[in-house]
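Q: Compact mmCIF, C-alpha atoms, saved as coords_28.txt, coming up:
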# COMPACT_ATOMS: atom_id res chain seq x y z
CA MET A 6 2.76 4.89 21.52
CA PRO A 7 2.98 3.66 17.91
CA PRO A 8 5.04 0.58 17.12
CA ARG A 9 8.34 0.79 15.27
CA ALA A 10 8.40 0.89 11.52
CA LEU A 11 7.97 -2.53 9.92
CA ILE A 12 11.08 -1.76 7.87
CA PRO A 13 13.57 0.75 9.31
CA LEU A 14 12.80 4.03 7.55
CA GLU A 15 16.49 4.91 7.36
CA SER A 16 17.06 1.82 5.20
CA ILE A 17 14.55 2.98 2.58
CA ASP A 18 15.29 5.55 -0.11
CA PRO A 19 11.87 6.82 -1.21
CA ASP A 20 13.42 8.28 -4.37
CA GLN A 21 14.67 4.88 -5.49
CA VAL A 22 12.43 3.27 -8.09
CA VAL A 23 12.27 -0.53 -7.97
CA ALA A 24 9.00 -0.57 -9.95
CA THR A 25 7.46 2.26 -11.94
CA ILE A 26 3.76 2.96 -12.22
CA GLU A 27 3.80 1.07 -15.53
CA THR A 28 5.14 -2.04 -13.77
CA ILE A 29 2.61 -1.64 -10.96
CA ARG A 30 -0.17 -1.50 -13.57
CA LEU A 31 0.87 -4.95 -14.82
CA ALA A 32 0.02 -6.33 -11.37
CA ASN A 33 -2.82 -4.06 -10.17
CA PRO A 34 -5.95 -3.21 -12.18
CA GLN A 35 -6.73 0.13 -10.48
CA ARG A 36 -6.57 3.15 -12.79
CA TYR A 37 -7.10 6.90 -12.81
CA GLU A 38 -8.18 8.32 -9.44
CA MET A 39 -7.99 4.90 -7.78
CA GLU A 40 -4.28 4.36 -8.44
CA GLN A 41 -2.80 4.89 -4.98
CA LEU A 42 0.87 4.09 -5.63
CA SER A 43 3.41 6.31 -7.37
CA HIS A 44 6.22 3.74 -7.37
CA ILE A 45 7.76 0.87 -5.42
CA CYS A 46 10.99 1.89 -3.71
CA TYR A 47 11.99 -1.31 -1.89
CA ALA A 48 11.26 -5.03 -2.13
CA ASN A 49 12.91 -7.90 -0.27
CA VAL A 50 11.27 -11.12 -1.36
CA GLU A 51 13.15 -13.32 1.13
CA ALA A 52 12.09 -11.14 4.08
CA GLY A 53 8.57 -10.65 2.68
CA GLU A 54 8.97 -6.86 2.80
CA VAL A 55 7.86 -4.16 0.41
CA ALA A 56 7.78 -0.36 0.49
CA GLY A 57 6.11 2.03 -1.88
CA VAL A 58 5.48 5.71 -2.30
CA LEU A 59 2.29 7.64 -2.84
CA ASP A 60 2.92 11.22 -3.86
CA VAL A 61 -0.45 12.72 -3.00
CA ALA A 62 -1.58 15.19 -5.66
CA GLU A 63 -2.03 18.86 -4.76
CA GLU A 64 -5.71 18.51 -5.66
CA PRO A 65 -6.70 14.85 -5.28
CA PHE A 66 -10.25 13.81 -6.16
CA TRP A 67 -11.27 13.59 -2.48
CA ALA A 68 -9.97 17.00 -1.36
CA ARG A 69 -12.94 19.11 -2.45
CA GLY A 70 -15.45 17.22 -0.33
CA HIS A 71 -13.54 15.62 2.52
CA ILE A 72 -13.35 18.32 5.19
CA PRO A 73 -13.62 21.46 3.00
CA GLY A 74 -11.05 24.04 4.02
CA ARG A 75 -8.85 21.37 5.64
CA PRO A 76 -8.78 18.39 3.30
CA LEU A 77 -7.68 15.16 4.98
CA MET A 78 -7.01 11.94 3.11
CA PRO A 79 -9.88 9.60 3.99
CA GLY A 80 -8.86 6.54 5.99
CA VAL A 81 -10.38 4.25 3.40
CA ILE A 82 -8.00 5.72 0.77
CA MET A 83 -5.05 5.18 3.12
CA LEU A 84 -6.07 1.53 3.47
CA GLU A 85 -6.59 1.22 -0.27
CA ALA A 86 -3.02 2.43 -0.84
CA ALA A 87 -1.68 -0.19 1.60
CA ALA A 88 -3.80 -2.90 -0.02
CA GLN A 89 -2.47 -1.97 -3.47
CA LEU A 90 1.08 -2.23 -2.11
CA CYS A 91 0.38 -5.75 -0.83
CA SER A 92 -1.41 -6.73 -4.03
CA TYR A 93 1.56 -5.62 -6.11
CA PHE A 94 3.94 -7.68 -3.96
CA VAL A 95 1.79 -10.82 -4.06
CA ARG A 96 1.19 -10.58 -7.81
CA GLN A 97 4.89 -10.05 -8.51
CA VAL A 98 6.21 -12.72 -6.15
CA TYR A 99 3.54 -15.40 -5.86
CA ASP A 100 1.58 -15.09 -9.08
CA THR A 101 1.43 -18.42 -10.83
CA GLU A 102 -0.29 -19.65 -13.95
CA GLU A 103 -3.15 -20.86 -11.75
CA PHE A 104 -3.95 -17.27 -10.74
CA ALA A 105 -2.92 -15.43 -13.92
CA ASN A 106 -6.45 -14.31 -14.85
CA ARG A 107 -7.82 -13.86 -11.33
CA PHE A 108 -8.13 -10.72 -9.23
CA PHE A 109 -6.33 -10.37 -5.91
CA GLY A 110 -8.48 -8.14 -3.71
CA PHE A 111 -9.51 -7.21 -0.19
CA GLY A 112 -10.49 -10.08 2.09
CA GLY A 113 -10.33 -8.23 5.40
CA ILE A 114 -8.80 -5.47 7.46
CA ASP A 115 -7.93 -5.83 11.14
CA GLY A 116 -6.21 -3.78 13.83
CA VAL A 117 -6.63 -0.46 12.04
CA LYS A 118 -5.31 2.58 13.88
CA PHE A 119 -5.17 6.05 12.41
CA ARG A 120 -2.31 7.88 14.11
CA GLY A 121 -1.86 10.96 11.98
CA THR A 122 -3.17 12.93 9.03
CA ILE A 123 -2.26 13.00 5.37
CA PHE A 124 -2.83 16.19 3.38
CA PRO A 125 -2.71 16.99 -0.34
CA GLY A 126 0.84 17.42 -1.62
CA GLN A 127 2.45 15.11 0.93
CA ARG A 128 4.57 12.03 0.28
CA VAL A 129 3.40 8.85 1.97
CA ILE A 130 5.81 5.97 2.54
CA LEU A 131 3.87 2.71 2.61
CA LEU A 132 5.36 -0.34 4.31
CA GLY A 133 4.22 -3.95 4.10
CA ARG A 134 5.49 -7.12 5.74
CA LYS A 135 4.14 -10.55 4.90
CA ASN A 136 2.60 -12.55 7.76
CA GLU A 137 1.47 -15.51 5.71
CA VAL A 138 0.80 -16.47 2.13
CA ARG A 139 -1.39 -19.45 1.33
CA ALA A 140 -3.00 -20.77 -1.82
CA ARG A 141 -6.09 -18.56 -1.41
CA ARG A 142 -5.00 -15.65 0.75
CA ALA A 143 -2.17 -13.45 1.95
CA VAL A 144 -1.93 -11.48 5.20
CA PHE A 145 0.31 -8.42 5.61
CA ASP A 146 1.06 -5.95 8.36
CA THR A 147 1.05 -2.47 6.83
CA GLN A 148 1.89 1.07 7.84
CA GLY A 149 1.81 4.52 6.28
CA TRP A 150 4.39 7.18 7.23
CA VAL A 151 4.56 10.91 6.47
CA ASP A 152 7.57 13.03 7.41
CA GLY A 153 8.87 10.34 9.79
CA ALA A 154 5.57 9.96 11.67
CA MET A 155 3.18 7.04 11.42
CA ALA A 156 -0.17 8.02 9.88
CA PHE A 157 -1.82 4.58 10.05
CA GLN A 158 -1.31 0.88 10.63
CA ALA A 159 -3.44 -2.14 9.68
CA LYS A 160 -3.36 -5.88 9.07
CA ILE A 161 -4.64 -6.51 5.56
CA THR A 162 -5.87 -9.81 4.19
CA GLY A 163 -6.06 -10.27 0.45
CA MET A 164 -7.87 -13.07 -1.40
CA TRP A 165 -7.71 -14.49 -4.90
CA VAL A 166 -11.17 -14.16 -6.46
Here is a file; write its structure as structure tokens.
A:
Amino acid sequence: MPPRALIPLESIDPDQVVATIETIRLANPQRYEMEQLSHICYANVEAGEVAGVLDVAEEPFWARGHIPGRPLMPGVIMLEAAAQLCSYFVRQVYDTEEFANRFFGFGGIDGVKFRGTIFPGQRVILLGRKNEVRARRAVFDTQGWVDGAMAFQAKITGMWV
């Protein structure tokens, strides 16, 4: 049985826009096909919580070759979306002059479980909750939800490089 949502889904309005793609781009360097966030819909700095939305395109770059005839979002892309959510949060909340010109990227992934599928055209609600933030790294619990069902969960560690 999957765990509960990190942030109660009923408390999140996925149509609310707390940060647009333009604001996300100020924090995250990914562009074009590798941008895996459509917008941020919730952020609670005090609680260390963030939620974002990925509106999966009808014909994403991976659909043609990842299970032709039944395209499934690759797990690595799901995890990339969650990592971008966490990176946005860290860069917006904890970015200091010391780290202004440094990249915040993957340091590790633990406890990954894929619990559902994500198809082209679906809306993914991404949830992140801070476990710890230190001078060199940040650890978040993350989840991805589609139509009220959990698609994946993972603990993501990011590092300043």
Q: Just the residues within 9 Å of segment 117-127 of chain A, please, counting only C-alpha atoms, with nothing from its chain fewer than 4 positions along; format it as an mmCIF file with C-alpha atoms, keeping the file's coordinate frame.
A:
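Output file selection.cif is given in full below:
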data_model
loop_
_atom_site.group_PDB
_atom_site.id
_atom_site.type_symbol
_atom_site.label_atom_id
_atom_site.label_comp_id
_atom_site.auth_asym_id
_atom_site.auth_seq_id
_atom_site.Cartn_x
_atom_site.Cartn_y
_atom_site.Cartn_z
ATOM 1 C CA PRO A 7 2.980 3.660 17.910
ATOM 2 C CA LEU A 59 2.290 7.640 -2.840
ATOM 3 C CA ASP A 60 2.920 11.220 -3.860
ATOM 4 C CA VAL A 61 -0.450 12.720 -3.000
ATOM 5 C CA ALA A 62 -1.580 15.190 -5.660
ATOM 6 C CA GLU A 63 -2.030 18.860 -4.760
ATOM 7 C CA GLU A 64 -5.710 18.510 -5.660
ATOM 8 C CA PRO A 65 -6.700 14.850 -5.280
ATOM 9 C CA ALA A 68 -9.970 17.000 -1.360
ATOM 10 C CA ARG A 75 -8.850 21.370 5.640
ATOM 11 C CA PRO A 76 -8.780 18.390 3.300
ATOM 12 C CA LEU A 77 -7.680 15.160 4.980
ATOM 13 C CA MET A 78 -7.010 11.940 3.110
ATOM 14 C CA PRO A 79 -9.880 9.600 3.990
ATOM 15 C CA GLY A 80 -8.860 6.540 5.990
ATOM 16 C CA MET A 83 -5.050 5.180 3.120
ATOM 17 C CA LEU A 84 -6.070 1.530 3.470
ATOM 18 C CA TRP A 150 4.390 7.180 7.230
ATOM 19 C CA VAL A 151 4.560 10.910 6.470
ATOM 20 C CA ASP A 152 7.570 13.030 7.410
ATOM 21 C CA ALA A 154 5.570 9.960 11.670
ATOM 22 C CA MET A 155 3.180 7.040 11.420
ATOM 23 C CA ALA A 156 -0.170 8.020 9.880
ATOM 24 C CA PHE A 157 -1.820 4.580 10.050
ATOM 25 C CA GLN A 158 -1.310 0.880 10.630
ATOM 26 C CA ALA A 159 -3.440 -2.140 9.680
ATOM 27 C CA LYS A 160 -3.360 -5.880 9.070
#
Q: Using only C-alpha atoms, which of the listed residues (A:Asn136, A:Ser16, A:Gln41, A:Gln21) sits closest to Val81 of chain A?
A: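 Nearest candidate to Val81 of chain A out of A:Asn136, A:Ser16, A:Gln41, A:Gln21: A:Gln41.
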Q: Name the closest residue to Glu51 of chain A among the candidates A:Ala140, A:Val98, A:Leu31, A:Ala10; distances are taken between atoms, counting all atoms listed in the file.
A: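 Smallest separation from Glu51 of chain A among the options: A:Val98.
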Q: For Gln97 of chain A, which residue out of A:Gln35, A:Thr28, A:Ser43, A:Gln148 is the nearest one, using all atoms listed in the file?
A: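 Closest residue, counting all atoms listed in the file: A:Thr28.
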Q: To one decimal place, how far is atom CA of Ile26 of chain A from atom CA of Ala52 of chain A in Å?
A: 23.1 Å
Q: For each of A:Val22, A:Cys46, A:Ile130, A:Ile161, take the minimum atom-to-atom distance to Gly113 of chain A, counting only C-alpha atoms, then give the residue where this is smallest.
A: A:Ile161
Q: One decimal, Å: what's the distance from atom CA of Asn106 of chain A over to atom CA of Ala32 of chain A, could you say?
A: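 That distance, rounded to one decimal, is 10.8 Å.
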Q: Restricting the calculation to all atoms listed in the file: of A:Gly149, A:Gly116, A:Pro19, A:Gly70, which residue gets closest to Ala86 of chain A?
A: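 Between A:Gly149, A:Gly116, A:Pro19, A:Gly70, the residue approaching Ala86 of chain A most closely is A:Gly149.
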Q: Figure out the distance between atom CA of Phe111 of chain A and atom CA of Val144 of chain A, please, to one decimal in Å.
A: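 Distance reported for this atom pair: 10.2 Å.
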Q: Counting all atoms listed in the file, what is within 8 Å of Cys91 of chain A, bar same-chain residues fewer than 4 positions away, as a ChimeraX atom specification?
A: /A:55,87,95,133,145,163
